[in-house]
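Enquirer: data.txt (compact mmCIF, C-alpha atoms) pasted underneath:
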# COMPACT_ATOMS: atom_id res chain seq x y z
CA MET A 1 -30.13 27.72 -71.99
CA ALA A 2 -33.18 25.83 -70.85
CA GLU A 3 -36.21 27.93 -71.55
CA LYS A 4 -38.55 28.47 -68.69
CA ILE A 5 -41.87 26.73 -69.12
CA THR A 6 -44.91 28.50 -67.74
CA ALA A 7 -47.72 26.35 -66.41
CA TYR A 8 -50.90 27.12 -64.49
CA ARG A 9 -52.95 24.87 -62.27
CA PHE A 10 -55.78 26.85 -60.72
CA ASP A 11 -58.16 25.59 -58.05
CA GLN A 12 -61.23 26.94 -59.82
CA LEU A 13 -62.56 26.82 -63.36
CA ASP A 14 -63.24 30.59 -63.26
CA GLN A 15 -59.58 31.40 -62.68
CA THR A 16 -58.64 29.00 -65.45
CA LEU A 17 -61.05 30.70 -67.86
CA SER A 18 -59.75 34.18 -67.06
CA GLN A 19 -56.18 33.04 -67.66
CA LEU A 20 -57.23 31.57 -71.01
CA ASN A 21 -58.82 34.90 -71.83
CA LYS A 22 -55.51 36.69 -71.20
CA GLU A 23 -53.13 34.28 -72.83
CA ASN A 24 -53.10 31.70 -75.60
CA CYS A 25 -52.38 28.47 -73.75
CA ALA A 26 -52.15 24.74 -74.37
CA ILE A 27 -54.73 22.91 -72.29
CA ILE A 28 -53.73 19.60 -70.74
CA ALA A 29 -56.35 17.27 -69.30
CA GLY A 30 -55.04 13.70 -68.91
CA GLY A 31 -52.10 14.49 -71.16
CA THR A 32 -51.99 11.00 -72.67
CA ASP A 33 -51.97 12.40 -76.20
CA VAL A 34 -50.15 15.70 -75.61
CA MET A 35 -47.22 14.07 -73.80
CA VAL A 36 -46.69 11.69 -76.71
CA MET A 37 -47.14 14.35 -79.37
CA TYR A 38 -44.42 16.56 -77.86
CA LYS A 39 -42.25 13.75 -76.57
CA SER A 40 -38.55 14.45 -76.58
CA ARG A 41 -35.50 12.41 -75.63
CA ARG A 42 -35.31 10.51 -72.36
CA GLY A 43 -34.82 12.92 -69.50
CA VAL A 44 -35.80 15.95 -71.62
CA PRO A 45 -39.21 17.44 -70.85
CA PRO A 46 -41.66 17.56 -73.75
CA LYS A 47 -41.44 20.97 -75.41
CA ILE A 48 -44.90 22.41 -75.63
CA PRO A 49 -44.75 25.71 -77.53
CA LYS A 50 -47.27 27.58 -75.38
CA PRO A 51 -47.88 28.20 -71.68
CA ILE A 52 -49.74 25.26 -70.19
CA VAL A 53 -52.96 25.09 -68.27
CA PHE A 54 -53.67 21.89 -66.34
CA ILE A 55 -57.36 21.17 -65.95
CA ASP A 56 -57.69 17.49 -65.05
CA HIS A 57 -58.06 18.18 -61.31
CA LEU A 58 -61.00 20.60 -61.66
CA SER A 59 -64.03 19.00 -60.03
CA GLU A 60 -66.31 21.36 -62.01
CA LEU A 61 -65.25 19.45 -65.12
CA LYS A 62 -65.87 15.99 -63.67
CA ARG A 63 -69.59 16.06 -62.92
CA VAL A 64 -71.91 13.54 -64.58
CA TYR A 65 -75.65 14.17 -64.35
CA GLN A 66 -78.93 13.65 -66.11
CA LYS A 67 -81.24 16.50 -67.12
CA HIS A 68 -84.55 15.34 -68.55
CA LYS A 69 -83.55 12.64 -71.03
CA ASP A 70 -80.13 14.15 -71.70
CA LEU A 71 -76.88 13.03 -70.12
CA TYR A 72 -74.20 15.59 -69.23
CA ILE A 73 -70.65 14.27 -68.88
CA GLY A 74 -67.91 16.46 -67.41
CA ALA A 75 -65.13 16.70 -70.00
CA CYS A 76 -62.39 15.79 -67.52
CA SER A 77 -64.07 12.57 -66.41
CA THR A 78 -61.52 9.80 -66.91
CA TYR A 79 -62.53 6.63 -68.70
CA SER A 80 -62.26 4.70 -65.43
CA GLU A 81 -64.58 7.15 -63.69
CA LEU A 82 -67.13 6.73 -66.47
CA LEU A 83 -66.90 2.94 -66.26
CA GLU A 84 -67.87 3.16 -62.61
CA ASN A 85 -70.72 5.61 -63.13
CA PRO A 86 -74.21 4.04 -63.23
CA LEU A 87 -75.57 6.85 -65.46
CA ILE A 88 -73.28 5.99 -68.37
CA PRO A 89 -75.14 3.91 -70.99
CA GLY A 90 -74.01 0.30 -71.56
CA PRO A 91 -72.76 0.73 -75.15
CA LEU A 92 -70.60 3.69 -74.12
CA LYS A 93 -69.12 1.62 -71.30
CA LYS A 94 -68.50 -1.23 -73.69
CA ALA A 95 -66.70 1.15 -76.03
CA ILE A 96 -64.64 2.61 -73.20
CA LYS A 97 -63.52 -0.88 -72.20
CA THR A 98 -61.96 -1.27 -75.66
CA ILE A 99 -59.95 1.91 -75.18
CA ALA A 100 -56.33 1.60 -74.15
CA ALA A 101 -55.68 -0.34 -70.95
CA PRO A 102 -56.36 0.21 -67.23
CA ALA A 103 -53.43 2.61 -66.68
CA ILE A 104 -54.43 4.95 -69.49
CA ARG A 105 -58.11 4.71 -68.66
CA ASN A 106 -57.18 6.02 -65.22
CA ARG A 107 -55.80 9.14 -66.85
CA GLY A 108 -57.33 9.78 -70.28
CA THR A 109 -60.50 11.88 -70.41
CA LEU A 110 -63.53 11.94 -72.66
CA GLY A 111 -63.08 15.66 -73.37
CA GLY A 112 -59.45 15.00 -74.25
CA ASN A 113 -60.45 12.36 -76.77
CA VAL A 114 -62.82 14.85 -78.42
CA CYS A 115 -60.39 17.79 -78.43
CA ASN A 116 -57.51 15.70 -79.70
CA ALA A 117 -59.71 15.19 -82.79
CA SER A 118 -57.77 12.22 -84.05
CA PRO A 119 -59.28 10.51 -87.11
CA ALA A 120 -58.99 7.33 -85.03
CA GLY A 121 -60.36 8.79 -81.77
CA ASP A 122 -61.92 5.80 -80.05
CA THR A 123 -65.03 7.37 -78.57
CA LEU A 124 -65.82 9.53 -81.60
CA PRO A 125 -67.92 7.14 -83.73
CA LEU A 126 -70.13 6.55 -80.74
CA LEU A 127 -70.38 10.23 -79.82
CA TYR A 128 -71.37 10.96 -83.44
CA VAL A 129 -74.23 8.46 -83.44
CA TYR A 130 -75.40 9.78 -80.09
CA ASN A 131 -75.56 13.23 -81.76
CA ALA A 132 -73.32 14.47 -78.97
CA LYS A 133 -73.04 18.18 -78.31
CA LEU A 134 -70.28 20.03 -76.56
CA LEU A 135 -70.79 22.69 -73.98
CA LEU A 136 -67.98 25.21 -74.18
CA ARG A 137 -67.31 27.74 -71.48
CA SER A 138 -65.37 30.98 -71.50
CA VAL A 139 -65.37 34.24 -69.57
CA ASN A 140 -68.11 35.36 -71.96
CA GLY A 141 -70.47 32.57 -70.98
CA GLU A 142 -71.24 29.31 -72.67
CA ARG A 143 -72.25 27.94 -76.04
CA ILE A 144 -73.29 24.55 -77.30
CA VAL A 145 -72.05 23.07 -80.54
CA ALA A 146 -72.70 19.72 -82.27
CA ILE A 147 -69.68 17.42 -82.29
CA SER A 148 -69.84 17.11 -86.08
CA ASP A 149 -69.44 20.90 -86.36
CA PHE A 150 -66.86 21.11 -83.59
CA ILE A 151 -64.45 18.61 -85.14
CA GLN A 152 -63.43 20.11 -88.45
CA GLY A 153 -60.54 17.97 -89.57
CA VAL A 154 -57.48 16.08 -88.43
CA ARG A 155 -56.68 17.63 -85.03
CA ARG A 156 -58.69 20.70 -86.01
CA ILE A 157 -61.44 21.82 -83.67
CA GLN A 158 -63.69 24.83 -83.51
CA ARG A 159 -62.57 26.00 -80.08
CA GLU A 160 -61.81 29.64 -79.45
CA ARG A 161 -58.59 30.32 -77.56
CA ASN A 162 -60.44 31.42 -74.45
CA GLU A 163 -62.79 28.43 -74.34
CA ILE A 164 -62.78 25.10 -72.57
CA VAL A 165 -64.90 22.10 -73.47
CA ALA A 166 -66.68 21.73 -70.14
CA GLU A 167 -69.27 19.07 -70.80
CA ILE A 168 -70.24 16.50 -73.38
CA ILE A 169 -73.99 16.27 -73.81
CA LEU A 170 -75.65 13.10 -75.05
CA PRO A 171 -79.16 14.20 -76.04
CA SER A 172 -82.07 11.85 -75.37
CA VAL A 173 -79.65 9.08 -74.51
CA MET A 174 -82.04 7.70 -71.92
CA GLU A 175 -84.69 7.22 -74.60
CA GLU A 176 -86.44 3.87 -74.88
CA GLY A 177 -86.00 1.48 -77.76
CA ALA A 178 -82.57 2.54 -78.97
CA HIS A 179 -79.98 -0.11 -79.73
CA VAL A 180 -76.35 0.85 -80.02
CA VAL A 181 -73.38 -1.16 -81.18
CA PHE A 182 -69.71 -0.21 -81.14
CA GLU A 183 -66.90 -2.11 -82.83
CA LYS A 184 -63.20 -1.40 -82.97
CA VAL A 185 -60.61 -3.20 -85.05
CA GLY A 186 -56.95 -2.81 -84.06
CA ASN A 187 -53.66 -4.69 -83.94
CA ARG A 188 -53.90 -5.53 -80.29
CA ASN A 189 -56.84 -5.51 -77.92
CA ALA A 190 -55.19 -3.11 -75.51
CA ASP A 191 -53.54 0.21 -76.26
CA ALA A 192 -54.14 -0.08 -80.01
CA ILE A 193 -54.97 2.82 -82.27
CA ALA A 194 -57.98 1.78 -84.33
CA LYS A 195 -57.65 0.67 -87.93
CA VAL A 196 -61.41 0.97 -88.20
CA GLY A 197 -64.04 2.08 -85.71
CA PHE A 198 -67.78 1.68 -86.20
CA ALA A 199 -70.84 2.71 -84.26
CA GLY A 200 -74.38 1.83 -85.22
CA TYR A 201 -77.54 3.20 -83.62
CA ILE A 202 -81.03 2.00 -84.37
CA ARG A 203 -84.34 2.92 -82.73
CA LEU A 204 -87.31 0.66 -83.35
CA ASN A 205 -91.00 0.90 -82.84
CA GLY A 206 -91.92 -2.77 -82.90
CA ALA A 207 -90.15 -3.90 -86.06
CA VAL A 208 -90.27 -0.48 -87.74
CA ILE A 209 -87.11 1.60 -87.89
CA GLU A 210 -87.77 5.07 -86.48
CA ASP A 211 -84.18 6.24 -86.49
CA ALA A 212 -80.88 4.83 -87.73
CA ARG A 213 -77.39 6.34 -87.47
CA PHE A 214 -73.94 5.09 -88.46
CA ALA A 215 -70.47 6.52 -87.92
CA PHE A 216 -67.12 5.20 -89.10
CA GLY A 217 -63.78 6.08 -87.53
CA ALA A 218 -60.22 5.93 -88.91
CA VAL A 219 -61.45 5.84 -92.52
CA GLY A 220 -61.24 9.58 -93.23
CA PRO A 221 -59.99 12.86 -91.72
CA THR A 222 -62.98 12.88 -89.36
CA MET A 223 -65.82 10.49 -88.63
CA VAL A 224 -67.85 9.48 -91.70
CA ARG A 225 -71.58 9.88 -91.20
CA SER A 226 -74.37 10.50 -93.70
CA VAL A 227 -77.77 11.65 -92.53
CA ASP A 228 -79.10 11.25 -96.10
CA ILE A 229 -78.22 7.56 -96.25
CA GLU A 230 -79.59 7.01 -92.75
CA LYS A 231 -82.94 8.59 -93.66
CA GLY A 232 -83.41 6.02 -96.41
CA LEU A 233 -83.93 3.41 -93.70
CA PHE A 234 -86.60 5.22 -91.71
CA GLY A 235 -89.94 3.39 -91.88
CA LYS A 236 -88.47 0.11 -93.07
CA THR A 237 -88.97 -3.01 -91.01
CA ILE A 238 -86.45 -5.46 -89.63
CA PRO A 239 -85.19 -7.91 -90.65
CA LEU A 240 -84.14 -5.72 -93.58
CA ALA A 241 -84.41 -7.04 -97.13
CA ASP A 242 -81.11 -7.88 -98.82
CA THR A 243 -81.71 -5.17 -101.41
CA ASP A 244 -82.08 -2.52 -98.67
CA ILE A 245 -78.87 -3.67 -97.03
CA ALA A 246 -77.05 -3.67 -100.37
CA GLN A 247 -78.29 -0.16 -101.07
CA VAL A 248 -77.04 1.26 -97.78
CA VAL A 249 -73.69 -0.55 -98.02
CA GLY A 250 -73.35 0.62 -101.64
CA ALA A 251 -74.03 4.22 -100.65
CA PHE A 252 -71.36 4.14 -97.93
CA ASP A 253 -68.98 2.42 -100.36
CA LYS A 254 -69.04 5.66 -102.37
CA ILE A 255 -68.30 8.01 -99.47
CA ILE A 256 -65.81 6.02 -97.38
CA LYS A 257 -62.37 6.96 -98.67
CA PRO A 258 -59.69 5.64 -96.33
CA ILE A 259 -55.93 5.94 -96.80
CA ASP A 260 -52.93 3.64 -96.47
CA ASP A 261 -50.78 4.35 -93.44
CA GLN A 262 -48.48 2.54 -91.01
CA ARG A 263 -51.43 0.91 -89.29
CA SER A 264 -53.44 -0.45 -92.18
CA THR A 265 -54.30 -0.16 -95.86
CA ALA A 266 -57.15 1.66 -97.54
CA ILE A 267 -58.59 -1.52 -99.01
CA TYR A 268 -58.55 -3.37 -95.69
CA ARG A 269 -60.14 -0.47 -93.86
CA LYS A 270 -62.89 -0.09 -96.41
CA THR A 271 -63.65 -3.81 -96.55
CA VAL A 272 -63.84 -4.08 -92.76
CA ALA A 273 -65.91 -0.90 -92.40
CA LEU A 274 -68.49 -2.12 -94.89
CA ASN A 275 -68.51 -5.60 -93.36
CA LEU A 276 -69.23 -4.14 -89.93
CA LEU A 277 -72.07 -2.11 -91.42
CA ARG A 278 -73.47 -5.11 -93.27
CA TYR A 279 -73.27 -7.19 -90.11
CA PHE A 280 -75.08 -4.53 -88.11
CA LEU A 281 -77.83 -4.18 -90.73
CA SER A 282 -78.29 -7.94 -91.02
CA MET A 283 -79.14 -8.47 -87.38
CA ASN A 284 -82.53 -10.06 -86.92
CA GLN A 285 -82.89 -8.69 -83.48
CA TYR A 286 -81.00 -6.00 -81.72
CA GLN A 287 -79.76 -6.39 -78.18
CA HIS A 288 -81.50 -3.95 -75.96
CA ASN A 289 -78.40 -2.65 -74.29
CA GLN A 290 -79.24 0.72 -72.93
CA MET B 291 -42.06 24.21 -56.91
CA ILE B 292 -44.21 21.13 -57.08
CA THR B 293 -44.94 19.25 -53.88
CA PHE B 294 -46.12 15.66 -53.80
CA THR B 295 -45.80 12.50 -51.77
CA LEU B 296 -43.37 9.89 -53.06
CA ASN B 297 -43.55 6.50 -51.40
CA GLY B 298 -44.94 8.09 -48.26
CA ARG B 299 -42.39 10.90 -48.08
CA LYS B 300 -43.26 14.53 -48.80
CA VAL B 301 -41.02 15.80 -51.57
CA GLU B 302 -40.54 18.99 -53.53
CA THR B 303 -39.18 19.36 -57.02
CA ASP B 304 -38.22 22.29 -59.20
CA ALA B 305 -38.36 20.19 -62.37
CA PRO B 306 -40.06 21.97 -65.30
CA PRO B 307 -43.84 21.40 -65.29
CA THR B 308 -43.80 19.24 -68.41
CA ALA B 309 -41.02 16.97 -67.09
CA ARG B 310 -42.27 13.42 -67.09
CA LEU B 311 -42.93 11.89 -63.70
CA LEU B 312 -40.89 8.94 -64.99
CA ASP B 313 -37.76 11.05 -65.43
CA VAL B 314 -38.22 12.82 -62.11
CA ILE B 315 -38.51 9.62 -60.08
CA ARG B 316 -35.62 7.94 -61.88
CA ASP B 317 -33.18 10.84 -62.26
CA ASP B 318 -33.95 13.09 -59.28
CA TYR B 319 -34.92 10.46 -56.70
CA GLU B 320 -32.92 7.56 -58.12
CA LEU B 321 -35.85 5.18 -57.92
CA ILE B 322 -34.84 3.16 -60.92
CA GLY B 323 -37.23 0.23 -60.48
CA THR B 324 -39.67 2.10 -62.71
CA LYS B 325 -38.53 1.54 -66.31
CA GLU B 326 -38.96 3.34 -69.57
CA GLY B 327 -40.02 1.07 -72.40
CA CYS B 328 -41.88 2.75 -75.23
CA GLY B 329 -42.31 6.21 -73.70
CA GLU B 330 -45.77 6.38 -75.27
CA GLY B 331 -48.02 4.62 -72.79
CA GLU B 332 -48.16 1.36 -74.71
CA CYS B 333 -45.88 -0.95 -72.73
CA GLY B 334 -46.60 -0.31 -69.05
CA ALA B 335 -42.96 -0.63 -67.92
CA CYS B 336 -43.26 2.79 -66.25
CA SER B 337 -46.42 1.98 -64.27
CA VAL B 338 -46.80 3.66 -60.88
CA PHE B 339 -49.73 4.40 -58.57
CA VAL B 340 -51.08 7.94 -58.57
CA ASN B 341 -53.52 8.34 -55.69
CA ASN B 342 -53.79 4.54 -55.66
CA LEU B 343 -54.60 4.32 -59.38
CA LEU B 344 -52.33 2.56 -61.85
CA GLN B 345 -50.94 5.08 -64.36
CA ASN B 346 -48.11 5.36 -66.88
CA SER B 347 -45.49 7.70 -65.45
CA CYS B 348 -44.13 8.46 -68.94
CA LEU B 349 -47.37 10.29 -69.77
CA ILE B 350 -47.63 12.37 -66.61
CA PRO B 351 -46.35 15.93 -66.62
CA ILE B 352 -44.97 16.61 -63.16
CA GLY B 353 -46.92 19.89 -62.98
CA SER B 354 -50.20 18.00 -62.95
CA ILE B 355 -49.49 15.96 -59.82
CA GLU B 356 -49.26 18.73 -57.22
CA GLY B 357 -50.41 17.22 -53.93
CA ALA B 358 -50.76 13.72 -55.33
CA GLU B 359 -49.59 10.54 -53.70
CA ILE B 360 -47.15 8.61 -55.89
CA ILE B 361 -46.12 5.06 -55.14
CA THR B 362 -43.45 3.30 -57.17
CA ILE B 363 -42.41 -0.35 -57.14
CA GLU B 364 -39.90 0.54 -54.39
CA GLY B 365 -42.79 1.85 -52.32
CA ILE B 366 -44.61 -1.47 -52.21
CA MET B 367 -41.61 -3.74 -51.71
CA GLU B 368 -42.02 -4.03 -47.95
CA SER B 369 -45.69 -4.97 -48.12
CA GLU B 370 -47.13 -8.43 -47.50
CA GLN B 371 -48.84 -8.20 -50.87
CA PHE B 372 -45.52 -7.65 -52.62
CA LYS B 373 -44.01 -10.70 -50.92
CA ILE B 374 -46.85 -12.84 -52.20
CA LEU B 375 -46.44 -11.45 -55.72
CA ASP B 376 -42.67 -11.94 -55.55
CA GLU B 377 -43.04 -15.60 -54.53
CA SER B 378 -45.78 -16.23 -57.06
CA TYR B 379 -43.87 -14.71 -59.98
CA SER B 380 -40.80 -16.78 -59.04
CA HIS B 381 -42.78 -19.94 -58.56
CA ALA B 382 -44.70 -19.63 -61.83
CA GLY B 383 -41.58 -18.72 -63.82
CA GLY B 384 -43.12 -15.37 -64.69
CA VAL B 385 -39.80 -13.52 -64.82
CA GLN B 386 -37.29 -13.92 -67.62
CA CYS B 387 -35.35 -10.81 -68.60
CA GLY B 388 -37.22 -8.87 -65.94
CA TYR B 389 -37.53 -5.51 -67.66
CA CYS B 390 -41.32 -5.50 -67.68
CA ILE B 391 -41.64 -6.96 -64.19
CA PRO B 392 -41.85 -3.81 -62.03
CA GLY B 393 -44.69 -2.62 -64.27
CA MET B 394 -46.28 -6.07 -64.33
CA VAL B 395 -46.16 -6.29 -60.55
CA MET B 396 -47.73 -2.84 -60.20
CA ALA B 397 -50.49 -3.84 -62.64
CA SER B 398 -50.97 -7.14 -60.79
CA ALA B 399 -51.21 -5.38 -57.43
CA ALA B 400 -53.67 -2.83 -58.87
CA LEU B 401 -55.84 -5.61 -60.28
CA LEU B 402 -55.85 -7.73 -57.13
CA SER B 403 -56.63 -4.80 -54.86
CA GLN B 404 -59.73 -4.10 -56.95
CA ASN B 405 -60.61 -7.67 -57.74
CA PRO B 406 -59.09 -10.21 -55.31
CA HIS B 407 -60.43 -13.23 -57.22
CA PRO B 408 -59.96 -12.45 -60.91
CA SER B 409 -60.78 -14.90 -63.69
CA GLU B 410 -58.13 -15.63 -66.29
CA ALA B 411 -59.81 -13.17 -68.67
CA GLU B 412 -59.82 -10.51 -65.97
CA ILE B 413 -56.12 -11.10 -65.28
CA ARG B 414 -55.35 -10.72 -68.97
CA GLU B 415 -57.39 -7.51 -69.05
CA GLY B 416 -55.64 -6.27 -65.88
CA ILE B 417 -52.17 -6.64 -67.43
CA SER B 418 -53.30 -5.75 -70.95
CA GLY B 419 -51.39 -2.47 -70.87
CA ASN B 420 -48.11 -4.20 -70.05
CA LEU B 421 -45.93 -5.76 -72.72
CA CYS B 422 -43.60 -8.68 -72.01
CA ARG B 423 -41.38 -9.87 -74.85
CA CYS B 424 -40.08 -13.01 -73.10
CA THR B 425 -42.68 -15.08 -71.37
CA GLY B 426 -45.59 -15.15 -73.79
CA TYR B 427 -47.68 -14.02 -70.80
CA ASN B 428 -48.98 -17.43 -69.74
CA MET B 429 -46.57 -17.71 -66.82
CA ILE B 430 -47.39 -14.18 -65.75
CA VAL B 431 -51.10 -14.97 -65.81
CA ASP B 432 -50.31 -18.07 -63.72
CA ALA B 433 -48.31 -15.93 -61.30
CA VAL B 434 -51.17 -13.51 -60.74
CA SER B 435 -53.63 -16.34 -60.34
CA LEU B 436 -51.30 -17.98 -57.80
CA ALA B 437 -50.90 -14.67 -55.95
CA ALA B 438 -54.68 -14.34 -55.75
CA LYS B 439 -54.88 -17.77 -54.08
CA LYS B 440 -51.84 -17.44 -51.83
CA GLY B 441 -52.73 -13.94 -50.73
CA ASP B 442 -56.41 -14.65 -50.20
CA GLY B 443 -57.76 -12.09 -47.75
CA LEU B 444 -54.74 -9.82 -48.12
CA TRP B 445 -55.83 -7.90 -51.16
CA GLN B 446 -59.01 -6.24 -49.95
CA LYS B 447 -57.46 -4.20 -47.19
CA LYS B 448 -55.54 -1.26 -48.49
Can you turn what I pasted into structure tokens?

Expert:
Amino acid sequence: MAEKITAYRFDQLDQTLSQLNKENCAIIAGGTDVMVMYKSRRGVPPKIPKPIVFIDHLSELKRVYQKHKDLYIGACSTYSELLENPLIPGPLKKAIKTIAAPAIRNRGTLGGNVCNASPAGDTLPLLYVYNAKLLLRSVNGERIVAISDFIQGVRRIQRERNEIVAEIILPSVMEEGAHVVFEKVGNRNADAIAKVGFAGYIRLNGAVIEDARFAFGAVGPTMVRSVDIEKGLFGKTIPLADTDIAQVVGAFDKIIKPIDDQRSTAIYRKTVALNLLRYFLSMNQYQHNQ
Amino acid sequence: MITFTLNGRKVETDAPPTARLLDVIRDDYELIGTKEGCGEGECGACSVFVNNLLQNSCLIPIGSIEGAEIITIEGIMESEQFKILDESYSHAGGVQCGYCIPGMVMASAALLSQNPHPSEAEIREGISGNLCRCTGYNMIVDAVSLAAKKGDGLWQKK
């Protein structure tokens, strides 16, 4: 009657990768999304339609280190582990503190948040403005892919069956002069799924904008970002003129197309997203919070 | 077979690997202090310690905890710290229907063991993953604050 569930929990990443090469498996890191997605009745184990591979215990996937100006974060680092790590930049820590609550932060992983590819994934706006890359490993070696290419749609990612997201790379995150802001709007401070998420990144040389990046979460199938709009701000000085701000907000107004769902309405999401952007652009000085 | 430590005792279970830790501790070991509220990690009623870290047992597949040390509310009931929390919750009127309390007490103990002198904001953050539909939280915050004072010196040592 009860079907047998196959699950693997290897001591080494190598063994895990060779199993993935043999068999199409469901990968479970913290499990905080998977266990809810496949939740059944009380007392009945979640029915996951594939053999399972547990990876959250693999120390090879928990390392955090700096190489040149880039930061490498092991995909199975839990949020709590990242909060305690001195290498993690302030804005990322601030964002992590808005995720869930202590009990889930002790279990949920950064790699899990990426691979779950929820439109409302909490860390995603920030990872997009950091130009995060993912290091994937398989028996064939490794490859690196930009997060904006990796996440292709709602819960759709560009991961081959035999691959694991091993590390999240934040390029040049230790660079001087970058200012990063993260905002999340939800029903409750803790454990809320975002109605709107926003991350803004600005790098100044004196008062001149050298680089600007914006990403919006929960207002489309994936994060909304536009390199074209961002480029329009390069070379301008802060404080920005009202016309410049209006132009950027107007441009995003055209490409942000949220939906109504059980958590919020399209009109609310759009209004809040543009307000957060306007607020970020209107700052006279940016907190240096690296 | 999955082997782990439950309240200090080595145990073995043949539950399917995706079985929730919550169901295993309640149904197989009859430790029913741990409650199921939402079943989605939003209410904290099922909070337990996994290797001394507060976690939601409704989100934990049993197959992932091989070798781990699990402590439920029953596992801390004999401790000095629990007695202080018990008194403080009673004194502050922090318990009404009581359903959320095992989870609240676990979250309180986790907070105080990391931060023995929390501010009000830190207490609210510490129990932010636990829902209570009766008290409006203020009495629970008072209880934790009282426990911090009454148990001064007790929380650091593990």

Enquirer: Taking only C-alpha atoms into account and nothing else, which residues of chain B lie no more than 9 Å away from chain A? Please answer as a ChimeraX atom specification.

Expert: /B:305-310,312-314,317,326,329-334,337-338,343-346,348-351,353-356,397,415-420

Enquirer: With only C-alpha atoms as the atoms that count, which of B:Thr303, B:Asn341, B:Gln371, B:Ser398 lies nearest to Val431 of chain B?

Expert: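 Checking each candidate against Val431 of chain B, we get B:Ser398 as the closest.
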
Enquirer: Please, what distance in Å, to one decimal, runs between atom CA of Lys184 of chain A and atom CA of Ser118 of chain A?

Expert: 14.7 Å

Enquirer: A:Val173, A:Val129, A:Ala75, A:Leu134: which is nearest Val227 of chain A, counting all atoms listed in the file?

Expert: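 So, comparing all the options, the nearest one is A:Val129.
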
Enquirer: Rounded to one decimal, what separation in Å do you get between atom CA of Leu13 of chain A and atom CA of Glu81 of chain A?

Expert: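 Going from atom CA of Leu13 of chain A over to atom CA of Glu81 of chain A, I get 19.8 Å.
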
Enquirer: If you measure from atom CA of Pro89 of chain A to atom CA of Arg155 of chain A, what distance in Å do you get, rounded to one decimal?

Expert: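 Atom CA of Arg155 of chain A lies 26.9 Å from atom CA of Pro89 of chain A.
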
Enquirer: For segment 159-164 of chain A, please output as a list in words all residues within 9 Å (counting all atoms listed in the file; exclusion window: fewer than 2 positions along the same chain).

Expert: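 Once the adjacent positions are removed, what remains is Leu17, Ser18, Gln19, Leu20, Asn21, Lys22, Glu23, Asn24, Cys25, Ile27, Cys115, Leu135, Leu136, Arg137, Ser138, Val139, Asn140, Glu142, Phe150, Arg156, Ile157 and Ala166 of chain A.
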
Enquirer: Pick from A:Lys93, A:Arg269, A:Arg278, A:Arg63: nearest to Leu240 of chain A, with only C-alpha atoms counted?

Expert: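 Among A:Lys93, A:Arg269, A:Arg278, A:Arg63, it is A:Arg278 that comes nearest to Leu240 of chain A.
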
Enquirer: For Pro406 of chain B, please output as a list in words all residues within 12 Å (counting only C-alpha atoms; exclusion window: fewer than 5 positions along the same chain).

Expert: Gln371, Ser398, Ala399, Ala400, Leu401, Glu412, Ile413, Gly416, Val434, Ser435, Leu436, Ala437, Ala438, Lys439, Lys440, Gly441, Asp442, Gly443, Leu444, Trp445, Gln446, Lys447 and Lys448 of chain B

Enquirer: Limited to C-alpha atoms, could you put the picked residues into a file as a compact mmCIF listing (two decimals), keeping the file's coordinate frame?

Expert:
# COMPACT_ATOMS: atom_id res chain seq x y z
CA GLN B 371 -48.84 -8.20 -50.87
CA SER B 398 -50.97 -7.14 -60.79
CA ALA B 399 -51.21 -5.38 -57.43
CA ALA B 400 -53.67 -2.83 -58.87
CA LEU B 401 -55.84 -5.61 -60.28
CA GLU B 412 -59.82 -10.51 -65.97
CA ILE B 413 -56.12 -11.10 -65.28
CA GLY B 416 -55.64 -6.27 -65.88
CA VAL B 434 -51.17 -13.51 -60.74
CA SER B 435 -53.63 -16.34 -60.34
CA LEU B 436 -51.30 -17.98 -57.80
CA ALA B 437 -50.90 -14.67 -55.95
CA ALA B 438 -54.68 -14.34 -55.75
CA LYS B 439 -54.88 -17.77 -54.08
CA LYS B 440 -51.84 -17.44 -51.83
CA GLY B 441 -52.73 -13.94 -50.73
CA ASP B 442 -56.41 -14.65 -50.20
CA GLY B 443 -57.76 -12.09 -47.75
CA LEU B 444 -54.74 -9.82 -48.12
CA TRP B 445 -55.83 -7.90 -51.16
CA GLN B 446 -59.01 -6.24 -49.95
CA LYS B 447 -57.46 -4.20 -47.19
CA LYS B 448 -55.54 -1.26 -48.49

Enquirer: Kindly indicate which residue among A:Glu183, A:Glu176, A:Glu167, A:Glu230 lies nearest to Gly206 of chain A, using all atoms listed in the file for the distances.

Expert: A:Glu176
